[in-house]
Each structure stands twice: as structure tokens, then as C-alpha cells.
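Text of the file coords_21.cif, holding mmCIF, C-alpha atoms:
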data_final
#
loop_
_atom_site.group_PDB
_atom_site.id
_atom_site.type_symbol
_atom_site.label_atom_id
_atom_site.label_comp_id
_atom_site.auth_asym_id
_atom_site.auth_seq_id
_atom_site.Cartn_x
_atom_site.Cartn_y
_atom_site.Cartn_z
ATOM 1 C CA MET N 7 18.787 125.914 -116.027
ATOM 2 C CA THR N 8 17.535 127.367 -119.287
ATOM 3 C CA GLY N 9 16.107 130.718 -118.199
ATOM 4 C CA LEU N 10 12.490 131.808 -118.462
ATOM 5 C CA CYS N 11 11.181 134.778 -120.458
ATOM 6 C CA ASP N 12 7.680 135.941 -121.277
ATOM 7 C CA SER N 13 6.426 136.955 -124.724
ATOM 8 C CA PHE N 14 7.738 140.497 -124.147
ATOM 9 C CA GLN N 15 11.264 139.204 -123.432
ATOM 10 C CA ARG N 16 11.099 139.982 -119.715
ATOM 11 C CA PRO N 17 13.183 137.491 -117.711
ATOM 12 C CA ILE N 18 11.054 135.708 -115.095
ATOM 13 C CA ASN N 19 13.058 134.589 -112.086
ATOM 14 C CA TYR N 20 10.879 135.357 -109.054
ATOM 15 C CA LEU N 21 8.042 133.259 -107.596
ATOM 16 C CA ARG N 22 5.774 134.544 -104.844
ATOM 17 C CA ILE N 23 4.102 131.675 -103.001
ATOM 18 C CA SER N 24 0.976 132.200 -100.905
ATOM 19 C CA VAL N 25 0.891 129.466 -98.264
ATOM 20 C CA THR N 26 -2.529 130.376 -96.834
ATOM 21 C CA ASP N 27 -5.493 132.653 -97.453
ATOM 22 C CA ARG N 28 -5.991 133.100 -93.705
ATOM 23 C CA CYS N 29 -4.874 136.092 -91.710
ATOM 24 C CA ASN N 30 -5.021 137.221 -88.102
ATOM 25 C CA LEU N 31 -5.731 140.806 -89.230
ATOM 26 C CA ARG N 32 -8.510 142.264 -91.399
ATOM 27 C CA CYS N 33 -6.774 145.228 -93.035
ATOM 28 C CA ILE N 34 -9.184 147.600 -94.740
ATOM 29 C CA TYR N 35 -7.367 147.589 -98.101
ATOM 30 C CA CYS N 36 -6.870 143.834 -98.179
ATOM 31 C CA MET N 37 -10.121 142.255 -97.069
ATOM 32 C CA PRO N 38 -13.803 143.220 -97.333
ATOM 33 C CA ALA N 39 -15.441 144.256 -94.057
ATOM 34 C CA ALA N 40 -17.646 141.161 -94.169
ATOM 35 C CA GLY N 41 -14.590 138.925 -94.480
ATOM 36 C CA VAL N 42 -14.074 136.220 -97.082
ATOM 37 C CA CYS N 43 -15.077 132.589 -97.456
ATOM 38 C CA ARG N 44 -12.019 130.719 -96.250
ATOM 39 C CA MET N 45 -10.565 127.864 -98.236
ATOM 40 C CA SER N 46 -10.845 124.412 -96.724
ATOM 41 C CA HIS N 47 -7.714 122.599 -95.604
ATOM 42 C CA GLN N 48 -7.852 120.144 -98.499
ATOM 43 C CA ASP N 49 -8.011 123.016 -100.991
ATOM 44 C CA ILE N 50 -4.626 124.338 -99.875
ATOM 45 C CA LEU N 51 -1.435 123.016 -101.418
ATOM 46 C CA THR N 52 0.620 120.874 -99.068
ATOM 47 C CA TYR N 53 4.199 121.851 -98.380
ATOM 48 C CA GLU N 54 5.291 118.867 -100.467
ATOM 49 C CA GLU N 55 3.207 120.116 -103.403
ATOM 50 C CA ILE N 56 4.638 123.625 -103.046
ATOM 51 C CA TYR N 57 8.125 122.113 -103.014
ATOM 52 C CA THR N 58 7.376 120.177 -106.203
ATOM 53 C CA VAL N 59 6.237 123.366 -107.959
ATOM 54 C CA ALA N 60 9.300 125.244 -106.702
ATOM 55 C CA GLN N 61 11.608 122.500 -107.971
ATOM 56 C CA ALA N 62 10.080 122.632 -111.448
ATOM 57 C CA ALA N 63 10.146 126.423 -111.468
ATOM 58 C CA ALA N 64 13.795 126.438 -110.393
ATOM 59 C CA GLU N 65 14.701 124.163 -113.284
ATOM 60 C CA LEU N 66 13.156 126.750 -115.610
ATOM 61 C CA GLY N 67 15.101 129.666 -114.131
ATOM 62 C CA ILE N 68 13.318 130.803 -110.966
ATOM 63 C CA ASN N 69 15.939 131.600 -108.325
ATOM 64 C CA LYS N 70 14.061 133.832 -105.882
ATOM 65 C CA ILE N 71 11.092 132.873 -103.718
ATOM 66 C CA ARG N 72 8.963 134.984 -101.400
ATOM 67 C CA LEU N 73 6.461 133.403 -99.022
ATOM 68 C CA THR N 74 3.231 135.323 -98.480
ATOM 69 C CA GLY N 75 -0.359 134.819 -97.380
ATOM 70 C CA GLY N 76 -2.872 135.890 -96.108
ATOM 71 C CA GLU N 77 -0.512 135.910 -93.179
ATOM 72 C CA PRO N 78 2.023 133.119 -93.798
ATOM 73 C CA LEU N 79 2.906 132.669 -90.127
ATOM 74 C CA VAL N 80 -0.608 131.523 -89.211
ATOM 75 C CA ARG N 81 0.158 128.308 -91.099
ATOM 76 C CA LEU N 82 1.903 125.875 -88.783
ATOM 77 C CA GLY N 83 5.381 124.626 -89.560
ATOM 78 C CA LEU N 84 6.393 127.333 -92.023
ATOM 79 C CA ALA N 85 10.052 126.832 -91.100
ATOM 80 C CA LYS N 86 9.728 123.285 -92.465
ATOM 81 C CA LEU N 87 8.786 124.682 -95.878
ATOM 82 C CA VAL N 88 11.684 127.152 -95.770
ATOM 83 C CA GLN N 89 14.041 124.286 -94.977
ATOM 84 C CA MET N 90 12.657 122.269 -97.906
ATOM 85 C CA LEU N 91 13.027 125.164 -100.337
ATOM 86 C CA LYS N 92 16.555 125.806 -99.109
ATOM 87 C CA ARG N 93 17.512 122.369 -100.434
ATOM 88 C CA ILE N 94 16.905 123.505 -104.022
ATOM 89 C CA ASP N 95 20.434 124.410 -105.125
ATOM 90 C CA THR N 96 19.503 127.112 -107.635
ATOM 91 C CA ILE N 97 17.220 129.028 -105.232
ATOM 92 C CA ASP N 98 19.500 131.704 -103.797
ATOM 93 C CA ASP N 99 17.005 133.945 -101.990
ATOM 94 C CA ILE N 100 14.067 132.973 -99.754
ATOM 95 C CA SER N 101 12.176 135.851 -98.171
ATOM 96 C CA LEU N 102 8.928 136.447 -96.296
ATOM 97 C CA THR N 103 6.215 139.099 -96.195
ATOM 98 C CA THR N 104 4.375 139.247 -92.874
ATOM 99 C CA ASN N 105 2.275 141.570 -90.737
ATOM 100 C CA GLY N 106 4.716 140.902 -87.907
ATOM 101 C CA ILE N 107 2.222 139.866 -85.240
ATOM 102 C CA LEU N 108 3.710 136.366 -84.852
ATOM 103 C CA LEU N 109 7.184 136.996 -86.210
ATOM 104 C CA SER N 110 9.072 137.301 -82.910
ATOM 105 C CA ARG N 111 7.793 133.854 -81.943
ATOM 106 C CA TYR N 112 9.194 132.165 -85.049
ATOM 107 C CA VAL N 113 12.080 134.334 -86.217
ATOM 108 C CA ALA N 114 14.903 132.193 -84.797
ATOM 109 C CA GLU N 115 13.732 128.935 -86.385
ATOM 110 C CA LEU N 116 12.958 130.672 -89.690
ATOM 111 C CA LYS N 117 16.451 132.112 -89.817
ATOM 112 C CA GLN N 118 17.986 128.747 -88.979
ATOM 113 C CA ALA N 119 15.867 127.078 -91.675
ATOM 114 C CA GLY N 120 17.271 129.388 -94.337
ATOM 115 C CA LEU N 121 15.103 132.501 -94.486
ATOM 116 C CA LYS N 122 17.204 135.447 -95.637
ATOM 117 C CA ARG N 123 14.981 138.527 -95.521
ATOM 118 C CA VAL N 124 11.650 139.788 -94.256
ATOM 119 C CA ASN N 125 9.235 142.552 -95.226
ATOM 120 C CA ILE N 126 6.858 143.733 -92.516
ATOM 121 C CA SER N 127 3.582 145.456 -93.363
ATOM 122 C CA LEU N 128 2.873 148.385 -91.052
ATOM 123 C CA ASP N 129 0.615 151.313 -91.915
ATOM 124 C CA THR N 130 0.554 153.372 -88.738
ATOM 125 C CA LEU N 131 2.540 154.070 -85.584
ATOM 126 C CA LYS N 132 -0.579 154.981 -83.582
ATOM 127 C CA PRO N 133 -2.173 152.188 -81.498
ATOM 128 C CA GLU N 134 -5.801 153.256 -81.952
ATOM 129 C CA ARG N 135 -5.336 153.778 -85.674
ATOM 130 C CA PHE N 136 -3.613 150.402 -85.918
ATOM 131 C CA ARG N 137 -6.749 148.778 -84.571
ATOM 132 C CA LEU N 138 -8.880 150.785 -87.018
ATOM 133 C CA ILE N 139 -6.831 149.885 -90.105
ATOM 134 C CA THR N 140 -6.377 146.225 -89.174
ATOM 135 C CA ARG N 141 -9.897 145.771 -87.730
ATOM 136 C CA SER N 142 -8.171 143.846 -84.973
ATOM 137 C CA SER N 143 -7.523 143.938 -81.247
ATOM 138 C CA TYR N 144 -3.897 142.925 -81.724
ATOM 139 C CA GLY N 145 -1.367 145.456 -80.538
ATOM 140 C CA LEU N 146 1.034 147.629 -82.473
ATOM 141 C CA ASN N 147 3.785 146.772 -79.989
ATOM 142 C CA ASP N 148 3.958 143.203 -81.330
ATOM 143 C CA VAL N 149 4.879 144.505 -84.761
ATOM 144 C CA LEU N 150 7.391 147.040 -83.469
ATOM 145 C CA ALA N 151 9.065 144.328 -81.398
ATOM 146 C CA ALA N 152 9.177 142.063 -84.460
ATOM 147 C CA ILE N 153 11.105 144.687 -86.421
ATOM 148 C CA ASP N 154 13.825 144.749 -83.780
ATOM 149 C CA THR N 155 13.816 140.968 -83.365
ATOM 150 C CA ALA N 156 14.141 140.344 -87.096
ATOM 151 C CA ARG N 157 17.029 142.771 -87.394
ATOM 152 C CA ALA N 158 18.791 141.202 -84.401
ATOM 153 C CA ALA N 159 18.380 137.755 -85.988
ATOM 154 C CA GLY N 160 20.159 138.923 -89.126
ATOM 155 C CA LEU N 161 17.159 139.012 -91.476
ATOM 156 C CA SER N 162 18.569 142.103 -93.097
ATOM 157 C CA PRO N 163 17.540 144.481 -94.426
ATOM 158 C CA VAL N 164 14.155 144.504 -92.693
ATOM 159 C CA LYS N 165 11.828 146.430 -95.001
ATOM 160 C CA ILE N 166 8.720 148.190 -93.711
ATOM 161 C CA ASN N 167 5.815 148.438 -96.144
ATOM 162 C CA MET N 168 3.410 151.333 -95.580
ATOM 163 C CA VAL N 169 0.314 151.655 -97.783
ATOM 164 C CA VAL N 170 -0.419 155.394 -97.835
ATOM 165 C CA MET N 171 -4.113 156.315 -97.722
ATOM 166 C CA ALA N 172 -5.433 159.879 -97.834
ATOM 167 C CA GLY N 173 -7.495 160.784 -94.812
ATOM 168 C CA ILE N 174 -6.453 157.631 -93.001
ATOM 169 C CA ASN N 175 -2.692 157.575 -92.430
ATOM 170 C CA ASP N 176 -1.116 160.106 -94.804
ATOM 171 C CA ASP N 177 -0.417 162.382 -91.843
ATOM 172 C CA GLU N 178 2.195 159.845 -90.671
ATOM 173 C CA ILE N 179 4.424 159.933 -93.747
ATOM 174 C CA ILE N 180 6.949 162.140 -91.962
ATOM 175 C CA ASP N 181 6.894 159.925 -88.858
ATOM 176 C CA PHE N 182 7.783 156.856 -90.917
ATOM 177 C CA ALA N 183 10.480 158.684 -92.865
ATOM 178 C CA ASN N 184 12.024 159.881 -89.607
ATOM 179 C CA LYS N 185 12.499 156.251 -88.653
ATOM 180 C CA SER N 186 14.924 155.941 -91.564
ATOM 181 C CA LEU N 187 16.944 158.752 -90.022
ATOM 182 C CA SER N 188 17.048 157.587 -86.440
ATOM 183 C CA GLU N 189 16.450 153.828 -86.335
ATOM 184 C CA GLU N 190 17.773 152.376 -89.606
ATOM 185 C CA TRP N 191 14.310 151.586 -90.908
ATOM 186 C CA HIS N 192 13.998 150.799 -94.602
ATOM 187 C CA VAL N 193 10.551 152.245 -95.316
ATOM 188 C CA ARG N 194 8.720 151.648 -98.599
ATOM 189 C CA PHE N 195 5.766 153.939 -99.275
ATOM 190 C CA ILE N 196 3.233 152.065 -101.427
ATOM 191 C CA GLU N 197 0.521 153.719 -103.488
ATOM 192 C CA PHE N 198 -2.934 152.537 -102.549
ATOM 193 C CA MET N 199 -4.518 150.275 -105.175
ATOM 194 C CA PRO N 200 -8.276 149.840 -105.774
ATOM 195 C CA THR N 201 -8.722 146.416 -104.202
ATOM 196 C CA ALA N 202 -11.583 144.764 -102.373
ATOM 197 C CA GLY N 203 -12.044 146.110 -98.863
ATOM 198 C CA LEU N 204 -12.114 149.909 -98.948
ATOM 199 C CA SER N 205 -14.930 151.835 -100.599
ATOM 200 C CA ASN N 206 -14.371 155.099 -102.494
ATOM 201 C CA ALA N 207 -10.875 153.954 -103.355
ATOM 202 C CA THR N 208 -9.997 156.970 -105.483
ATOM 203 C CA LEU N 209 -10.607 159.276 -102.533
ATOM 204 C CA HIS N 210 -7.816 157.567 -100.609
ATOM 205 C CA PHE N 211 -5.166 157.590 -103.330
ATOM 206 C CA VAL N 212 -1.917 159.484 -102.691
ATOM 207 C CA SER N 213 0.651 159.551 -105.478
ATOM 208 C CA ALA N 214 4.330 158.908 -104.867
ATOM 209 C CA ASP N 215 5.045 162.417 -106.140
ATOM 210 C CA ASP N 216 2.855 163.878 -103.414
ATOM 211 C CA ILE N 217 4.524 161.670 -100.835
ATOM 212 C CA ARG N 218 7.943 162.884 -101.953
ATOM 213 C CA LYS N 219 6.837 166.506 -101.758
ATOM 214 C CA SER N 220 5.732 166.033 -98.172
ATOM 215 C CA LEU N 221 9.183 164.635 -97.351
ATOM 216 C CA GLU N 222 11.052 167.711 -98.598
ATOM 217 C CA GLN N 223 10.971 169.238 -95.131
ATOM 218 C CA LEU N 224 13.338 166.487 -93.942
ATOM 219 C CA GLY N 225 16.001 167.237 -96.532
ATOM 220 C CA GLU N 226 16.983 166.259 -100.036
ATOM 221 C CA LEU N 227 16.511 162.642 -101.027
ATOM 222 C CA GLU N 228 19.511 161.056 -102.710
ATOM 223 C CA PRO N 229 18.986 158.048 -105.017
ATOM 224 C CA CYS N 230 20.589 154.865 -103.770
ATOM 225 C CA LEU N 231 20.651 151.195 -104.649
ATOM 226 C CA PRO N 232 18.749 148.653 -102.532
ATOM 227 C CA GLY N 233 20.922 146.678 -100.163
ATOM 228 C CA ILE N 234 19.446 143.462 -101.530
ATOM 229 C CA GLY N 235 16.432 142.379 -103.546
ATOM 230 C CA ASN N 236 15.119 143.193 -106.977
ATOM 231 C CA GLY N 237 11.576 144.376 -106.365
ATOM 232 C CA PRO N 238 9.720 147.340 -107.843
ATOM 233 C CA ALA N 239 10.728 149.997 -105.307
ATOM 234 C CA ARG N 240 12.958 152.966 -106.152
ATOM 235 C CA TYR N 241 15.191 153.755 -103.188
ATOM 236 C CA PHE N 242 16.473 157.014 -101.715
ATOM 237 C CA ARG N 243 18.312 158.137 -98.636
ATOM 238 C CA PHE N 244 18.344 161.351 -96.663
ATOM 239 C CA PRO N 245 21.827 162.752 -95.974
ATOM 240 C CA ASP N 246 23.444 160.862 -93.072
ATOM 241 C CA ALA N 247 20.383 158.622 -92.684
ATOM 242 C CA ARG N 248 20.913 155.129 -91.316
ATOM 243 C CA GLY N 249 18.073 153.667 -93.356
ATOM 244 C CA THR N 250 16.342 154.308 -96.669
ATOM 245 C CA VAL N 251 12.964 155.263 -98.081
ATOM 246 C CA GLY N 252 11.489 153.669 -101.159
ATOM 247 C CA PHE N 253 8.499 154.297 -103.396
ATOM 248 C CA ILE N 254 6.346 151.621 -105.002
ATOM 249 C CA THR N 255 4.123 153.122 -107.683
ATOM 250 C CA PRO N 256 1.694 150.562 -109.132
ATOM 251 C CA VAL N 257 -0.778 153.287 -110.126
ATOM 252 C CA SER N 258 0.978 156.541 -111.027
ATOM 253 C CA GLU N 259 4.032 155.007 -112.714
ATOM 254 C CA HIS N 260 3.637 151.291 -113.232
ATOM 255 C CA PHE N 261 6.710 149.086 -113.334
ATOM 256 C CA CYS N 262 5.227 146.318 -115.475
ATOM 257 C CA PHE N 263 7.958 146.711 -118.102
ATOM 258 C CA ARG N 264 10.416 145.105 -115.690
ATOM 259 C CA CYS N 265 8.105 142.692 -113.874
ATOM 260 C CA ASN N 266 9.949 139.447 -113.219
ATOM 261 C CA ARG N 267 7.444 137.465 -111.174
ATOM 262 C CA LEU N 268 4.779 134.821 -111.018
ATOM 263 C CA ARG N 269 2.384 134.193 -108.137
ATOM 264 C CA LEU N 270 1.249 130.841 -106.794
ATOM 265 C CA THR N 271 -1.980 131.089 -104.799
ATOM 266 C CA ALA N 272 -2.588 128.967 -101.734
ATOM 267 C CA ASP N 273 -5.044 126.805 -103.667
ATOM 268 C CA GLY N 274 -2.558 126.074 -106.412
ATOM 269 C CA LYS N 275 -3.341 128.595 -109.151
ATOM 270 C CA LEU N 276 -0.383 130.163 -110.939
ATOM 271 C CA ARG N 277 -1.092 133.825 -111.710
ATOM 272 C CA PRO N 278 1.036 135.609 -114.326
ATOM 273 C CA CYS N 279 -0.039 139.055 -113.054
ATOM 274 C CA LEU N 280 -1.244 140.347 -109.711
ATOM 275 C CA LEU N 281 -3.809 142.626 -111.358
ATOM 276 C CA ALA N 282 -5.275 140.255 -113.930
ATOM 277 C CA ASP N 283 -7.672 137.357 -113.549
ATOM 278 C CA ASP N 284 -5.797 134.791 -115.665
ATOM 279 C CA GLU N 285 -4.731 131.701 -113.713
ATOM 280 C CA VAL N 286 -3.302 128.298 -114.572
ATOM 281 C CA ASP N 287 -4.383 125.474 -112.283
ATOM 282 C CA LEU N 288 -1.495 123.421 -110.929
ATOM 283 C CA LYS N 289 -3.239 121.726 -108.002
ATOM 284 C CA GLN N 290 -5.398 119.277 -109.911
ATOM 285 C CA PRO N 291 -2.579 118.204 -112.244
ATOM 286 C CA LEU N 292 -0.300 117.766 -109.218
ATOM 287 C CA ARG N 293 -2.852 115.549 -107.507
ATOM 288 C CA SER N 294 -3.390 113.597 -110.713
ATOM 289 C CA GLY N 295 0.264 112.643 -110.924
ATOM 290 C CA ILE N 296 1.548 115.051 -113.569
ATOM 291 C CA SER N 297 5.168 114.527 -114.591
ATOM 292 C CA ARG N 298 7.904 117.078 -113.910
ATOM 293 C CA ASP N 299 8.026 117.927 -117.602
ATOM 294 C CA GLY N 300 4.258 118.321 -117.698
ATOM 295 C CA LEU N 301 4.390 120.658 -114.711
ATOM 296 C CA LYS N 302 7.074 122.744 -116.379
ATOM 297 C CA LYS N 303 4.894 123.047 -119.480
ATOM 298 C CA LEU N 304 2.067 124.452 -117.336
ATOM 299 C CA ILE N 305 4.438 126.977 -115.779
ATOM 300 C CA LYS N 306 5.564 128.029 -119.259
ATOM 301 C CA THR N 307 1.904 128.380 -120.261
ATOM 302 C CA ALA N 308 1.355 130.815 -117.387
ATOM 303 C CA VAL N 309 4.404 132.802 -118.462
ATOM 304 C CA THR N 310 3.073 133.140 -122.015
ATOM 305 C CA GLN N 311 -0.166 134.571 -120.563
ATOM 306 C CA LYS N 312 1.657 137.361 -118.755
ATOM 307 C CA PRO N 313 0.207 140.666 -120.050
ATOM 308 C CA LEU N 314 2.289 143.634 -121.098
ATOM 309 C CA GLN N 315 0.918 145.695 -118.201
ATOM 310 C CA HIS N 316 -1.948 145.924 -115.745
ATOM 311 C CA GLN N 317 -5.138 147.876 -116.432
ATOM 312 C CA LEU N 318 -5.457 150.059 -113.331
ATOM 313 C CA ALA N 319 -5.396 153.186 -115.476
ATOM 314 C CA ASP N 320 -8.451 151.850 -117.333
ATOM 315 C CA GLY N 321 -10.473 151.462 -114.152
ATOM 316 C CA TYR N 322 -9.617 147.824 -113.379
ATOM 317 C CA ARG N 323 -10.390 146.649 -109.848
ATOM 318 C CA LEU N 324 -9.196 143.424 -108.273
ATOM 319 C CA GLU N 325 -12.648 141.909 -107.807
ATOM 320 C CA GLY N 326 -12.198 138.211 -108.582
ATOM 321 C CA ARG N 327 -10.177 137.491 -105.433
ATOM 322 C CA PRO N 328 -9.489 139.673 -102.409
ATOM 323 C CA MET N 329 -5.811 140.413 -101.881
ATOM 324 C CA THR N 330 -5.615 137.976 -98.994
ATOM 325 C CA GLN N 331 -6.317 135.153 -101.469
ATOM 326 C CA VAL N 332 -3.899 136.364 -104.117
ATOM 327 C CA GLY N 333 -0.793 136.809 -101.993
ATOM 328 C CA GLY N 334 0.118 140.160 -103.519
#

Represent the structure from my file as C-alpha cells, please.
Amino acid sequence: MTGLCDSFQRPINYLRISVTDRCNLRCIYCMPAAGVCRMSHQDILTYEEIYTVAQAAAELGINKIRLTGGEPLVRLGLAKLVQMLKRIDTIDDISLTTNGILLSRYVAELKQAGLKRVNISLDTLKPERFRLITRSSYGLNDVLAAIDTARAAGLSPVKINMVVMAGINDDEIIDFANKSLSEEWHVRFIEFMPTAGLSNATLHFVSADDIRKSLEQLGELEPCLPGIGNGPARYFRFPDARGTVGFITPVSEHFCFRCNRLRLTADGKLRPCLLADDEVDLKQPLRSGISRDGLKKLIKTAVTQKPLQHQLADGYRLEGRPMTQVGG
């Protein structure tokens, strides 16, 4: 393993793999109200093709993989892919981001296959608001049950991702933080980004500083290290709290200077940056019989295209693909 660095000398060791563009929810910040044109089955990488990419990436220095979507658990047989990836000796961390709706059904086989950790997206604790944000008839109770089931299965720590939106769910910041006090939740408050789906995006933005100010009534936050993982969140703990709170600040204080990741879309495009349109096609070369060395050259090409930072401050919007197709 030689190690992989971009042109700004940032080590790249983390690959996020979107296994599907499909989702059983229609969250307002992730998908346009009219929906998206779904990819056909033949456009999606097979598990064997994903495994081939992961093998090549691991030989270059990737040692952490996160499976995303859309909603990854709507793709059948995901545990099979986890089991395949687990066979790559140099991959030491396989994790999953999910909305939790189907997680309780599959958590035991995912854990047995080699999944280590799970992040669950949850933006409200109110049933009616859950249906509003997700544009779905699915119930909040499925997600809450999944949090407990994942923890009981040993997928620890279970991290809860809350996208904070002014006028929509910002009145629940305290409720989520209280869960870190009483129920060992590891809550990450995420700044809302201007993505396809929600109009008047700037009206819904809440900075991490404002979120922290609203939490002062619960006590003083003490910096702490994450239990595991190397993502962009900064973690804190209230005195005597069982869990933690974290802040992810893609807008107000970007963390591009320490970005260590690449993203593989479900249709086989390798993206150097979540918030940039550059992509390197891996699917067609894979299906044309590219060699392992040739595949590694394409991965290195994507790494060299990684920008210094995103352009949100300059008014950039993620317009080319909705988030459900990027696997953010």
C-alpha cells in the first residue's frame, strides 16, 4: 500500500460508495418535490464491480468505506456486499448511512457480515413533522426502533444526523441534545446546504454558532474526541452526559482543508468533491475490461482533480445531481 494524496498533500483514505439512487423517503433537502428520473438497473454498478473498485482503491491507500444511497437498504442483498468488502485485508472500517426505516430488519445480518458502524439520518422527533420533511407515510417509530436495535447489535457508536433548518425543525435542537444526556445518543447537528429540493435555501440556514448558543441553556459543552471515525464533525459533551453532540459546518466553517474522501456514485462515477461537478467514469472502463493498473490510474486521476475547497460561499448550488444521486 503506497498511500494516496491529492495535489494539496491531503491524504485520501476514505471512499463513500453509493449503492443506489433510490430511496423510500423524499426528504425536502435531498430530492426535488417532483422526484428524480431513476437510473435503470443496468446503469447501476454490480456488487462485483463495486468490489473491484474497492480492491483497487485499497491498494492505493483507501482503508475506510461507507455505504450510502439514496437509501442503501432498499437495494437487496446489501449484506453480501459488506461481506465481500470485509475480505479486503487493508479495509479496516465499513460503515453505513441510512434513514433507518429498514434497518431493524437487516441489522443482524449486516453486523454478522462485517458492518462496524451506522449513521442514522433523523431530522425531527415529531410524527407529523417527520411526514412533512420526508414527504412519506412511513412512521417515525421505525427509525427510533432502529436506533435501539443498532446499538443492541453492537454497531457502536450509533450517530444521529440532524439537518437543522430554520422555520422547519430548529425548534427541536434542544430535544435532540437532551437525548445525548438521557439516552446516550450521539447527535450531529448539520448545517443546511443549498441543494436541490428546498426553495429559498438561504432562509432555512442556521449556523453552527447559533445552534451552540441555543444549547447553552443545557450547560457548558466540553470538547471531546469521537469514539471512532474520522469525519468532519467536531464533538462535545455536556457534563455527565452519556452521549455527545457534534457540529458539521460545510457552510459557515468548511473543513475542506482536511477532506480525506472520494465518492463513488451508484452509476460508477468517481467524484473528488461532493460540491463540485467533476467526475471520472469508472463504469464503462470496468465493463470494457480495464486492467487493475488502469483502474488505479483512473482513481489517481480523480484524486488529482480534487479542488482545494468547495464554492458554497460563492453561491454554488448542487444542481447537476440531486443529493440522492450523489451519495453525500

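Here CA of Arg28 in chain N stands at a distance of 29.3 Å from CA of Arg298 in chain N.
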
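Closest approach to Glu259 in chain N among N:Leu224, N:Ala183, N:Ile196, N:Ile166: N:Ile196, based on all atoms listed in the file.
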
Checklist entry - Taking the file as shown, what set of residues would the PyMOL selection byres ((chain N and resi 153) around 9) give back, as a PyMOL selection string? => result chain N and resi 106+109-110+126+148-152+154-158+164-166+191

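Close contacts of Pro313 in chain N, defined as residues with an atom at most 9 Å away when counting only C-alpha atoms, with chain neighbours fewer than 5 positions off set aside, comprise Asp12, Ser13, Phe14, Cys262, Pro278, Cys279 and Ala282 of chain N.
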
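CA of Pro38 in chain N is positioned 15.6 Å from CA of Arg137 in chain N.
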
Item to check | Contacts of Asn105 in chain N at 7 Å (all atoms listed in the file; same-chain gap of 2+ positions) as a list of chain:residue names | outcome: N:Glu77, N:Ile107, N:Ile126, N:Ser127, N:Leu128

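Counting from CA of Gln290 in chain N, the distance to CA of Ile68 in chain N is 22.0 Å.
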
Write a file for range 37-70 of chain N of the given structure; include C-alpha atoms and format it as a tab-separated table (two decimals), in the first residue's frame.
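Dumped to out_1.tsv:
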chain	number	residue	atom	x	y	z
N	37	MET	CA	-34.81	15.44	-3.50
N	38	PRO	CA	-36.90	17.84	-5.60
N	39	ALA	CA	-40.64	17.73	-4.93
N	40	ALA	CA	-41.24	16.32	-8.41
N	41	GLY	CA	-38.81	13.48	-7.74
N	42	VAL	CA	-35.93	12.44	-9.97
N	43	CYS	CA	-35.52	10.24	-13.02
N	44	ARG	CA	-34.37	6.95	-11.57
N	45	MET	CA	-31.41	5.10	-13.01
N	46	SER	CA	-32.12	1.83	-14.76
N	47	HIS	CA	-30.87	-1.41	-13.25
N	48	GLN	CA	-28.18	-1.84	-15.90
N	49	ASP	CA	-26.83	1.64	-15.17
N	50	ILE	CA	-26.02	0.71	-11.57
N	51	LEU	CA	-22.71	-0.89	-10.69
N	52	THR	CA	-22.99	-4.53	-9.69
N	53	TYR	CA	-21.67	-5.60	-6.32
N	54	GLU	CA	-18.81	-7.34	-8.13
N	55	GLU	CA	-17.91	-4.09	-9.91
N	56	ILE	CA	-18.04	-2.16	-6.63
N	57	TYR	CA	-15.77	-4.79	-5.09
N	58	THR	CA	-13.30	-4.42	-7.96
N	59	VAL	CA	-13.16	-0.64	-7.45
N	60	ALA	CA	-12.75	-1.08	-3.70
N	61	GLN	CA	-9.89	-3.54	-4.20
N	62	ALA	CA	-8.03	-1.12	-6.47
N	63	ALA	CA	-8.69	1.78	-4.12
N	64	ALA	CA	-7.45	-0.25	-1.15
N	65	GLU	CA	-4.20	-0.98	-2.95
N	66	LEU	CA	-3.73	2.78	-3.31
N	67	GLY	CA	-4.34	3.51	0.38
N	68	ILE	CA	-8.10	3.59	0.97
N	69	ASN	CA	-8.84	1.84	4.26
N	70	LYS	CA	-12.29	3.16	5.19
